[in-house]
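Undergrad: Data file target.txt (compact mmCIF, C-alpha atoms and all ligand atoms) is appended below.
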```txt
# COMPACT_ATOMS: atom_id res chain seq x y z
CA MET Z 6 101.02 -12.78 69.79
CA LYS Z 7 103.00 -12.89 73.03
CA SER Z 8 104.83 -10.16 74.93
CA ALA Z 9 108.42 -9.31 74.13
CA PRO Z 10 110.75 -10.69 76.85
CA PHE Z 11 110.78 -8.74 80.11
CA THR Z 12 111.99 -9.11 83.68
CA HIS Z 13 109.33 -9.19 86.38
CA HIS Z 14 110.19 -7.47 89.68
CA ALA Z 15 107.98 -7.75 92.75
CA PRO Z 16 109.28 -5.23 95.31
CA ASP Z 17 107.79 -5.30 98.83
CA SER Z 18 107.96 -1.54 99.46
CA VAL Z 19 107.31 1.66 97.55
CA GLY Z 20 110.94 2.68 98.16
CA ALA Z 21 112.17 -0.50 96.47
CA ALA Z 22 109.78 0.08 93.56
CA VAL Z 23 111.13 3.61 93.10
CA GLU Z 24 114.70 2.29 93.20
CA LEU Z 25 113.92 -0.27 90.49
CA LEU Z 26 112.25 2.36 88.31
CA GLY Z 27 115.31 4.60 88.72
CA GLU Z 28 117.73 1.76 87.97
CA HIS Z 29 115.90 0.85 84.75
CA ALA Z 30 114.80 4.40 83.88
CA GLY Z 31 112.86 4.62 80.64
CA ARG Z 32 112.79 0.82 80.18
CA ALA Z 33 110.54 -0.07 83.12
CA ARG Z 34 106.80 0.25 83.72
CA VAL Z 35 104.70 -0.04 86.83
CA LEU Z 36 102.32 -3.02 86.76
CA ALA Z 37 99.10 -2.49 88.74
CA GLY Z 38 96.01 -4.45 87.59
CA GLY Z 39 97.57 -5.10 84.17
CA GLN Z 40 94.20 -4.66 82.42
CA SER Z 41 95.51 -2.00 80.06
CA LEU Z 42 99.26 -2.64 80.07
CA VAL Z 43 99.27 -6.43 79.56
CA PRO Z 44 97.00 -6.48 76.45
CA LEU Z 45 99.23 -3.77 74.93
CA MET Z 46 102.31 -5.85 75.73
CA HIS Z 47 100.76 -8.94 74.16
CA ARG Z 48 100.20 -6.94 70.98
CA ARG Z 49 103.77 -5.58 71.31
CA ILE Z 50 102.51 -2.01 71.25
CA GLU Z 51 104.24 -1.69 74.65
CA ARG Z 52 107.61 -3.44 75.11
CA PRO Z 53 108.97 -2.57 78.58
CA ALA Z 54 112.12 -4.54 79.45
CA HIS Z 55 111.20 -4.46 83.17
CA LEU Z 56 107.85 -4.66 84.94
CA VAL Z 57 107.75 -3.28 88.48
CA ASP Z 58 104.78 -5.11 89.98
CA ILE Z 59 103.37 -3.14 92.92
CA ASN Z 60 100.74 -5.73 93.90
CA ARG Z 61 102.77 -7.24 96.75
CA ILE Z 62 103.38 -3.96 98.57
CA ASP Z 63 101.52 -3.97 101.90
CA GLY Z 64 98.82 -1.37 102.37
CA LEU Z 65 98.51 -0.20 98.77
CA ASP Z 66 95.03 -1.74 98.50
CA ARG Z 67 93.53 0.59 101.11
CA ILE Z 68 90.23 2.38 100.65
CA ALA Z 69 89.99 4.97 103.45
CA ALA Z 70 87.04 7.35 103.65
CA GLY Z 71 86.95 10.05 106.31
CA SER Z 72 86.34 13.74 106.96
CA ALA Z 73 89.56 14.59 105.08
CA GLY Z 74 88.29 12.82 101.97
CA LEU Z 75 88.71 9.51 100.22
CA SER Z 76 92.13 7.92 99.88
CA LEU Z 77 92.53 5.10 97.39
CA GLY Z 78 95.79 3.17 97.43
CA ALA Z 79 97.49 2.33 94.15
CA VAL Z 80 96.16 -1.23 94.03
CA ALA Z 81 92.64 -0.61 95.38
CA ARG Z 82 90.63 -2.64 92.84
CA GLN Z 83 87.93 -0.92 90.83
CA ARG Z 84 85.28 -3.42 91.98
CA ALA Z 85 86.22 -3.01 95.66
CA VAL Z 86 85.86 0.77 95.36
CA GLU Z 87 82.61 0.48 93.41
CA THR Z 88 81.02 -1.74 96.08
CA SER Z 89 82.27 0.22 99.11
CA PRO Z 90 79.29 1.68 101.05
CA GLU Z 91 81.46 4.59 102.27
CA VAL Z 92 82.45 5.48 98.72
CA ALA Z 93 78.82 5.22 97.56
CA ARG Z 94 77.75 7.59 100.36
CA GLY Z 95 80.44 10.23 99.93
CA TRP Z 96 81.53 9.94 96.28
CA PRO Z 97 78.56 8.48 94.37
CA LEU Z 98 79.86 9.91 91.08
CA LEU Z 99 82.87 7.59 91.30
CA CYS Z 100 80.64 4.52 91.84
CA GLU Z 101 78.39 5.52 88.93
CA ALA Z 102 81.38 5.88 86.62
CA LEU Z 103 82.97 2.64 87.88
CA ALA Z 104 79.82 0.67 87.08
CA GLU Z 105 80.35 1.58 83.41
CA VAL Z 106 84.02 0.52 83.24
CA ALA Z 107 84.55 -2.69 81.25
CA HIS Z 108 83.05 -5.80 82.91
CA PRO Z 109 83.14 -7.04 86.53
CA ALA Z 110 85.93 -9.54 85.79
CA ILE Z 111 88.16 -6.70 84.58
CA ARG Z 112 87.13 -4.44 87.47
CA ASN Z 113 88.06 -7.22 89.92
CA ARG Z 114 91.68 -6.78 88.87
CA GLY Z 115 91.93 -3.27 87.39
CA THR Z 116 92.71 -0.42 89.76
CA VAL Z 117 91.32 3.10 89.99
CA VAL Z 118 94.81 4.61 90.24
CA GLY Z 119 95.99 2.49 87.28
CA SER Z 120 93.18 3.85 85.14
CA VAL Z 121 94.05 7.42 86.13
CA CYS Z 122 97.76 6.76 85.36
CA ASN Z 123 96.82 5.15 82.04
CA ALA Z 124 95.28 8.55 81.11
CA ASP Z 125 93.07 7.23 78.33
CA PRO Z 126 91.04 10.30 77.30
CA SER Z 127 88.00 8.12 76.58
CA ALA Z 128 88.05 6.34 79.97
CA GLU Z 129 85.52 7.02 82.69
CA LEU Z 130 87.75 7.29 85.77
CA PRO Z 131 90.16 10.07 84.74
CA ALA Z 132 87.17 12.33 83.90
CA ALA Z 133 85.22 11.40 87.05
CA ALA Z 134 88.25 11.84 89.34
CA LEU Z 135 89.03 15.23 87.76
CA ALA Z 136 85.43 16.39 88.25
CA LEU Z 137 85.79 15.40 91.91
CA ASP Z 138 88.90 17.61 92.24
CA GLY Z 139 91.22 14.67 92.85
CA ARG Z 140 94.96 14.70 93.32
CA VAL Z 141 97.59 12.02 92.89
CA VAL Z 142 100.23 11.41 95.54
CA ALA Z 143 103.43 10.28 93.82
CA GLU Z 144 106.66 8.93 95.27
CA GLY Z 145 109.97 9.24 93.46
CA PRO Z 146 113.71 9.55 94.17
CA ALA Z 147 113.17 13.10 95.55
CA GLY Z 148 110.39 11.97 97.94
CA ARG Z 149 106.63 12.48 97.85
CA ARG Z 150 104.72 15.12 95.93
CA GLU Z 151 101.07 15.81 95.25
CA ILE Z 152 99.81 16.54 91.75
CA GLU Z 153 96.35 18.03 91.18
CA LEU Z 154 94.57 16.13 88.43
CA ALA Z 155 94.05 19.45 86.65
CA GLU Z 156 97.86 19.34 86.07
CA PHE Z 157 98.22 15.57 85.80
CA PHE Z 158 96.91 14.70 82.33
CA ALA Z 159 99.58 15.85 79.86
CA ALA Z 160 98.37 14.23 76.61
CA ALA Z 161 96.61 11.05 75.53
CA ASN Z 162 98.11 8.26 77.68
CA ARG Z 163 100.69 10.66 79.14
CA THR Z 164 100.81 12.10 82.63
CA ALA Z 165 102.93 14.43 84.72
CA LEU Z 166 104.56 11.42 86.45
CA ALA Z 167 108.31 11.04 85.88
CA PRO Z 168 109.41 7.58 84.64
CA GLU Z 169 110.90 6.80 88.07
CA GLU Z 170 107.80 7.86 90.04
CA VAL Z 171 105.02 5.63 91.39
CA ALA Z 172 101.54 6.98 92.05
CA VAL Z 173 100.84 5.65 95.52
CA GLU Z 174 97.45 7.18 96.18
CA LEU Z 175 94.51 9.06 94.69
CA VAL Z 176 92.82 11.50 97.07
CA LEU Z 177 89.34 12.90 96.51
CA PRO Z 178 88.22 15.71 98.82
CA PRO Z 179 84.86 15.49 100.59
CA SER Z 180 81.85 17.21 99.01
CA PRO Z 181 80.16 20.13 100.78
CA LEU Z 182 76.44 19.96 101.64
CA ARG Z 183 73.93 20.43 98.81
CA THR Z 184 76.23 18.88 96.22
CA GLY Z 185 74.82 16.64 93.49
CA SER Z 186 76.68 14.71 90.83
CA THR Z 187 76.02 12.54 87.80
CA TRP Z 188 77.99 10.38 85.40
CA ILE Z 189 76.33 9.67 82.04
CA GLU Z 190 77.81 8.09 78.94
CA VAL Z 191 76.85 6.71 75.56
CA CYS Z 192 78.37 3.37 74.69
CA ARG Z 193 77.90 1.20 71.60
CA ARG Z 194 78.09 -2.03 73.66
CA ALA Z 195 77.98 -2.49 77.44
CA GLY Z 196 81.56 -2.63 78.73
CA ASP Z 197 83.09 -0.73 75.81
CA LEU Z 198 84.88 2.55 76.26
CA PRO Z 199 82.27 5.29 75.82
CA VAL Z 200 81.61 7.15 72.56
CA ALA Z 201 81.43 10.09 74.96
CA GLY Z 202 80.84 10.52 78.68
CA VAL Z 203 80.22 13.37 81.08
CA ALA Z 204 80.87 13.90 84.79
CA VAL Z 205 78.99 16.78 86.40
CA VAL Z 206 79.17 18.09 89.95
CA VAL Z 207 76.81 20.89 90.99
CA GLY Z 208 76.63 22.74 94.32
CA LEU Z 209 73.61 24.82 95.30
CA ASP Z 210 73.33 27.60 97.87
CA GLU Z 211 70.48 27.75 100.38
CA GLY Z 212 68.29 29.59 97.88
CA GLY Z 213 68.78 26.90 95.22
CA ALA Z 214 71.18 28.90 93.04
CA CYS Z 215 74.26 27.19 91.70
CA ASP Z 216 77.41 28.20 93.59
CA ARG Z 217 79.77 25.55 92.16
CA ALA Z 218 79.79 23.57 88.94
CA ARG Z 219 82.24 21.20 87.36
CA ILE Z 220 81.74 19.57 83.97
CA VAL Z 221 84.36 17.13 82.67
CA CYS Z 222 83.91 15.20 79.41
CA ALA Z 223 85.50 11.91 78.33
CA ASN Z 224 86.38 11.31 74.68
CA ALA Z 225 86.22 15.02 73.97
CA GLY Z 226 89.90 15.71 73.29
CA PRO Z 227 93.40 14.36 74.04
CA VAL Z 228 92.85 14.74 77.81
CA PRO Z 229 89.63 14.81 79.85
CA PHE Z 230 87.92 18.07 78.80
CA ASP Z 231 87.42 20.30 81.85
CA ALA Z 232 84.76 22.86 80.87
CA VAL Z 233 86.01 25.58 83.25
CA ASP Z 234 85.25 28.34 80.76
CA GLN Z 235 81.70 27.16 80.06
CA VAL Z 236 80.28 26.83 83.61
CA GLY Z 237 80.17 30.62 84.30
CA PRO Z 238 76.54 31.13 83.17
CA LEU Z 239 75.38 28.56 85.74
CA LEU Z 240 76.77 30.43 88.74
CA GLY Z 241 74.23 32.38 90.79
CA ARG Z 242 71.30 30.88 88.89
CA ALA Z 243 68.99 27.95 89.53
CA PRO Z 244 69.80 25.38 86.84
CA ASP Z 245 66.80 24.92 84.52
CA PRO Z 246 66.37 23.03 81.24
CA ARG Z 247 67.00 26.07 79.03
CA LEU Z 248 70.18 27.06 80.88
CA ALA Z 249 71.39 23.44 80.94
CA ALA Z 250 70.81 23.15 77.18
CA ALA Z 251 72.75 26.37 76.51
CA VAL Z 252 75.68 25.19 78.63
CA GLY Z 253 75.57 21.80 76.85
CA GLU Z 254 75.84 23.54 73.48
CA ALA Z 255 78.72 25.72 74.72
CA VAL Z 256 80.65 22.70 76.02
CA ALA Z 257 80.06 20.75 72.80
CA ALA Z 258 81.36 23.69 70.75
CA ALA Z 259 84.45 24.24 72.93
CA CYS Z 260 85.76 20.68 73.34
CA ALA Z 261 87.95 18.87 70.82
CA PRO Z 262 86.56 15.42 69.98
CA VAL Z 263 87.95 13.49 67.02
CA SER Z 264 86.38 11.13 64.48
CA ASP Z 265 87.10 7.43 64.89
CA TYR Z 266 85.52 4.00 64.41
CA GLN Z 267 82.87 4.84 67.04
CA GLY Z 268 81.60 8.06 65.48
CA THR Z 269 82.44 11.31 63.78
CA GLU Z 270 83.58 14.44 65.51
CA MET Z 271 80.21 16.06 64.78
CA GLU Z 272 78.24 13.11 66.17
CA ARG Z 273 80.32 13.30 69.34
CA ARG Z 274 79.61 17.01 69.76
CA ARG Z 275 75.85 16.32 69.41
CA VAL Z 276 76.06 13.49 71.96
CA LEU Z 277 78.07 15.66 74.37
CA ALA Z 278 75.59 18.56 74.17
CA THR Z 279 72.77 16.22 75.18
CA LEU Z 280 74.79 14.42 77.87
CA VAL Z 281 75.87 17.70 79.49
CA ARG Z 282 72.28 18.98 79.54
CA ARG Z 283 70.95 15.79 81.11
CA ALA Z 284 73.82 15.44 83.56
CA LEU Z 285 73.47 19.05 84.73
CA LEU Z 286 69.75 18.64 85.40
CA GLY Z 287 70.31 15.28 87.11
CA ALA Z 288 73.10 16.65 89.33
CA ALA Z 289 71.09 19.76 90.25
CA GLU Z 290 68.11 17.61 91.22
CA ARG Z 291 70.32 15.42 93.41
CA ALA Z 292 71.72 18.57 95.05
CA GLY Z 293 68.15 19.46 96.02
CA GLY Z 294 67.45 21.99 93.30
CA VAL Z 295 63.95 22.81 92.05
CA LEU Z 296 63.78 22.65 88.28
C1 LIG N 301 88.33 -5.87 77.64
C2 LIG N 301 88.64 -4.60 78.40
C3 LIG N 301 87.68 -3.60 78.43
C4 LIG N 301 87.94 -2.42 79.09
N1 LIG N 301 86.98 -1.45 79.11
C5 LIG N 301 87.21 -0.29 79.77
C6 LIG N 301 86.21 0.73 79.84
O1 LIG N 301 85.08 0.58 79.34
N2 LIG N 301 86.53 1.88 80.48
C7 LIG N 301 87.76 2.07 81.07
O2 LIG N 301 87.99 3.13 81.63
N3 LIG N 301 88.71 1.12 81.06
C8 LIG N 301 88.47 -0.05 80.42
N4 LIG N 301 89.43 -1.02 80.42
C9 LIG N 301 90.74 -0.74 81.10
C10 LIG N 301 90.67 -1.05 82.60
O3 LIG N 301 89.80 -0.15 83.27
C11 LIG N 301 92.05 -0.98 83.27
O4 LIG N 301 91.90 -1.63 84.48
C12 LIG N 301 92.62 0.39 83.57
O5 LIG N 301 92.68 1.20 82.43
C13 LIG N 301 94.06 0.33 84.04
O6 LIG N 301 94.15 -0.09 85.35
P1 LIG N 301 95.16 -1.24 85.74
O7 LIG N 301 95.21 -1.24 87.22
O8 LIG N 301 94.78 -2.50 85.06
O9 LIG N 301 96.55 -0.64 85.20
P2 LIG N 301 97.73 -1.31 84.39
O10 LIG N 301 97.24 -1.94 83.14
O11 LIG N 301 98.56 -2.15 85.30
O12 LIG N 301 98.58 0.02 84.02
C14 LIG N 301 98.12 0.94 83.09
C15 LIG N 301 99.19 2.02 82.87
O13 LIG N 301 99.32 2.86 84.02
C16 LIG N 301 100.62 2.73 84.61
N5 LIG N 301 100.41 2.65 86.05
C17 LIG N 301 99.48 1.87 86.67
N6 LIG N 301 99.53 2.07 88.01
C18 LIG N 301 100.51 2.99 88.21
C19 LIG N 301 101.02 3.60 89.39
N7 LIG N 301 100.54 3.31 90.61
N8 LIG N 301 102.03 4.50 89.25
C20 LIG N 301 102.52 4.80 88.02
N9 LIG N 301 102.06 4.26 86.88
C21 LIG N 301 101.07 3.36 86.97
C22 LIG N 301 101.21 1.46 84.03
O14 LIG N 301 102.62 1.51 83.99
C23 LIG N 301 100.58 1.45 82.63
O15 LIG N 301 101.27 2.32 81.77
C24 LIG N 301 89.20 -2.23 79.77
C25 LIG N 301 90.14 -3.25 79.77
C26 LIG N 301 89.88 -4.43 79.09
C27 LIG N 301 90.92 -5.53 79.09
```
Using C-alpha cells, write down the structure from this file.

TA:
Amino acid sequence: MKSAPFTHHAPDSVGAAVELLGEHAGRARVLAGGQSLVPLMHRRIERPAHLVDINRIDGLDRIAAGSAGLSLGAVARQRAVETSPEVARGWPLLCEALAEVAHPAIRNRGTVVGSVCNADPSAELPAAALALDGRVVAEGPAGRREIELAEFFAAANRTALAPEEVAVELVLPPSPLRTGSTWIEVCRRAGDLPVAGVAVVVGLDEGGACDRARIVCANAGPVPFDAVDQVGPLLGRAPDPRLAAAVGEAVAAACAPVSDYQGTEMERRRVLATLVRRALLGAAERAGGVL
C-alpha cells in the first residue's frame, strides 16, 4: 500500500515550520526521521494532508553536552547520540537504551526527539528520557515553552504538544556524583519493541545509602510508568537484593500493562518485577554502592 496524497513542505527555519503547522492546523504533521510516521502513512493508519519536514533546518541536528546538561536538537539522529563519547560519559543510560532501539539502519535516520514525540509507551527512549528528568523545548505561535517529560506524555502516542507546535530540543540535566543508572529490557527478537523495559537511576550518599531513585517502565501502561510512589522504601537505605526484590514486586503490582501478541498482562508483571530488581542492583553498583 502507498501513502494517501500529501504535500511535502521543507521550511528552512523553525518559525516557518510553526507557520506551516498553524496554516494547516490539524491536517499537518512534523516529519523528523520518518521511521515511525512513514510506515504508518504507507499503511494509511496516518493520513496527514501536509508533512512539515524539519530536516533542512540549520542547527537542529546539534548534540551539545556541557555543565548545564545535554541538549539534543530535534533532528539529532539516534545513532549519532548513541555513539557520542560525551553522551556515553554523562548520560550512559541513554546510550544503553539507544543500543536496543530497532536496528542501526533505522537509528541512522530516526531521531531521539522524534521517538519522544511519538510517545509509544513500549519504546525505550520516552522511558529513558523520563528517568533522566528530561524536558522538551517546544516552539509554537506563542513562542517557546518548556515541558517537563513528567507532564509531556498524555496517552499512548499523544503528547502535550499542540498541533501547531514543534519540539525543537530535548534537554537532560547533568547527573550528580555517585549516580548510577541501568536500562534493561526483554525482547522477543533483537530490534523489536520490548515486551517490557526498565530505566533505573539511583543516587547514593557518602555512606552508601540511597538518596535518589527513579524507576520508569516501558510497556507497563498507556504512558511510560513512573514509579514515584514505589521508590520510597529505597530512600535512606543501602539497596540490597531483598529490598530491590520488594520494590520490583511493588512496581509490578502498581503499573498497568496490557495483554497483547507479545505476552499477557501477568507475564509482563512477572518480567517487570525481575527487571526492576536487576536494574536497581545494577544501578546501585554503578553508583558505587556495596551490596
Ligand atoms: C522496523 C522498525 C523497528 C523499530 N523498532 C523500534 C524499537 O525497537 N524501539 C523504538 O523505540 N523504536 C523503534 N522504531 C521506531 C524508531 O525508533 C523511530 O525512529 C522513532 O519512533 C521516531 O523517530 P523519527 O525521528 O523517525 O520520527 P518520525 O517518524 O518522523 O515522527 C514520529 C511522530 O512524532 C512526531 N514528531 C517527530 N518529531 C517531532 C518534533 N520535533 N516536533 C513535533 N512532533 C514531532 C511526528 O509528527 C510523528 O507523529 C522502529 C522503527 C522501525 C521502522

Undergrad: To check your reading of the model: which residues sit at most 6 Å from ligand LIG 301 (chain N) when counting all atoms listed in the file? Write the answer as an mmCIF file with C-alpha atoms, keeping the file's coordinate frame.

TA:
```
data_model
loop_
_atom_site.group_PDB
_atom_site.id
_atom_site.type_symbol
_atom_site.label_atom_id
_atom_site.label_comp_id
_atom_site.auth_asym_id
_atom_site.auth_seq_id
_atom_site.Cartn_x
_atom_site.Cartn_y
_atom_site.Cartn_z
ATOM 1 C CA ARG Z 34 106.800 0.250 83.720
ATOM 2 C CA VAL Z 35 104.700 -0.040 86.830
ATOM 3 C CA LEU Z 36 102.320 -3.020 86.760
ATOM 4 C CA ALA Z 37 99.100 -2.490 88.740
ATOM 5 C CA GLY Z 38 96.010 -4.450 87.590
ATOM 6 C CA GLY Z 39 97.570 -5.100 84.170
ATOM 7 C CA GLN Z 40 94.200 -4.660 82.420
ATOM 8 C CA SER Z 41 95.510 -2.000 80.060
ATOM 9 C CA LEU Z 42 99.260 -2.640 80.070
ATOM 10 C CA ALA Z 79 97.490 2.330 94.150
ATOM 11 C CA VAL Z 106 84.020 0.520 83.240
ATOM 12 C CA ALA Z 107 84.550 -2.690 81.250
ATOM 13 C CA GLY Z 115 91.930 -3.270 87.390
ATOM 14 C CA THR Z 116 92.710 -0.420 89.760
ATOM 15 C CA VAL Z 118 94.810 4.610 90.240
ATOM 16 C CA GLY Z 119 95.990 2.490 87.280
ATOM 17 C CA SER Z 120 93.180 3.850 85.140
ATOM 18 C CA CYS Z 122 97.760 6.760 85.360
ATOM 19 C CA ASN Z 123 96.820 5.150 82.040
ATOM 20 C CA ALA Z 128 88.050 6.340 79.970
ATOM 21 C CA GLU Z 129 85.520 7.020 82.690
ATOM 22 C CA LEU Z 130 87.750 7.290 85.770
ATOM 23 C CA VAL Z 171 105.020 5.630 91.390
ATOM 24 C CA ALA Z 172 101.540 6.980 92.050
ATOM 25 C CA VAL Z 173 100.840 5.650 95.520
ATOM 26 C CA GLY Z 196 81.560 -2.630 78.730
ATOM 27 C CA ASP Z 197 83.090 -0.730 75.810
ATOM 28 C CA LEU Z 198 84.880 2.550 76.260
#
```

Undergrad: Contacts of Leu75 in chain Z at 12 Å or less, counting all atoms listed in the file, minus same-chain residues fewer than 6 places along, as a PyMOL selection string?

TA: chain Z and resi 67-69+81+86+89+91-97+99+134+137-141+174-180

Undergrad: Using all atoms listed in the file, which residue out of Z:Arg61, Z:His108, Z:His29, Z:Arg52 lies closest to Pro168 in chain Z?

TA: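 Nearest to Pro168 in chain Z: Z:His29.
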
Undergrad: Hey, what's within 9 Å of Arg32 in chain Z if we count all atoms listed in the file and toss same-chain stuff fewer than 4 positions away? As a list in words, please?

TA: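 Returned residues: Leu26, Arg52, Pro53, Ala54, His55, Leu56 and Pro168 of chain Z.
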
Undergrad: Within 8 Å of Ser127 in chain Z, counting only C-alpha atoms, which residues qualify if same-chain residues fewer than 2 places away don't, as a list of chain:residue names?

TA: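 Selected residues are Z:Asp125, Z:Glu129, Z:Leu198, Z:Pro199, Z:Val200, Z:Ala201, Z:Gly202, Z:Ala223, Z:Asn224, Z:Ala225, Z:Pro229.
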
Undergrad: Here is a test: counting all atoms listed in the file, which residue of Z:Gly287, Z:Pro131, Z:Gly74, Z:Gly145 is nearest to Gly27 in chain Z?

TA: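 Distance minimum relative to Gly27 in chain Z lands on Z:Gly145.
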
Undergrad: Which protein, DNA or RNA residues are at most 10 Å from (74.3, 16.4, 95.6) in the file's coordinates when you count all atoms listed in the file, listed as a ChimeraX atom specification?

TA: /Z:95-98,180-187,206-209,287-294

Undergrad: Produce a file of the selected residues containing C-alpha atoms, as a compact mmCIF listing (two decimals), keeping the file's coordinate frame.

TA:
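To be explicit, this is the file written out as result33.txt:
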```
# COMPACT_ATOMS: atom_id res chain seq x y z
CA GLY Z 95 80.44 10.23 99.93
CA TRP Z 96 81.53 9.94 96.28
CA PRO Z 97 78.56 8.48 94.37
CA LEU Z 98 79.86 9.91 91.08
CA SER Z 180 81.85 17.21 99.01
CA PRO Z 181 80.16 20.13 100.78
CA LEU Z 182 76.44 19.96 101.64
CA ARG Z 183 73.93 20.43 98.81
CA THR Z 184 76.23 18.88 96.22
CA GLY Z 185 74.82 16.64 93.49
CA SER Z 186 76.68 14.71 90.83
CA THR Z 187 76.02 12.54 87.80
CA VAL Z 206 79.17 18.09 89.95
CA VAL Z 207 76.81 20.89 90.99
CA GLY Z 208 76.63 22.74 94.32
CA LEU Z 209 73.61 24.82 95.30
CA GLY Z 287 70.31 15.28 87.11
CA ALA Z 288 73.10 16.65 89.33
CA ALA Z 289 71.09 19.76 90.25
CA GLU Z 290 68.11 17.61 91.22
CA ARG Z 291 70.32 15.42 93.41
CA ALA Z 292 71.72 18.57 95.05
CA GLY Z 293 68.15 19.46 96.02
CA GLY Z 294 67.45 21.99 93.30
```

Undergrad: Which residues are close to Ala147 in chain Z, i.e. within 12 Å by all atoms listed in the file, leaving aside same-chain residues fewer than 3 positions away? Reply as a PyMOL selection string.

TA: chain Z and resi 20+23-24+27+143-144+150+167+169-171

Undergrad: In Å, with one decimal, what is the gap from CA of Cys222 in chain Z to CA of Arg163 in chain Z?

TA: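 For CA of Cys222 in chain Z relative to CA of Arg163 in chain Z, the distance reads 17.4 Å.
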
Undergrad: Rounded to one decimal, what separation in Å do you get between CA of Ala259 in chain Z and CA of Phe158 in chain Z?

TA: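 Here the two named atoms are 18.3 Å from each other.
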
Undergrad: What is the CA of Val281 in chain Z to CA of Asp245 in chain Z distance in Å?

TA: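 Spanning CA of Val281 in chain Z to CA of Asp245 in chain Z is a straight-line distance of 12.6 Å.
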
Undergrad: Excluding Ala159 in chain Z and any residue of its chain fewer than 5 positions from it, enumerate the residues within 9 Å of it, using only C-alpha atoms, and give them as a list in words.

TA: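 With the cut-off at 9 Å, the set is Ala124, Thr164, Ala165, Pro227 and Val228 of chain Z.
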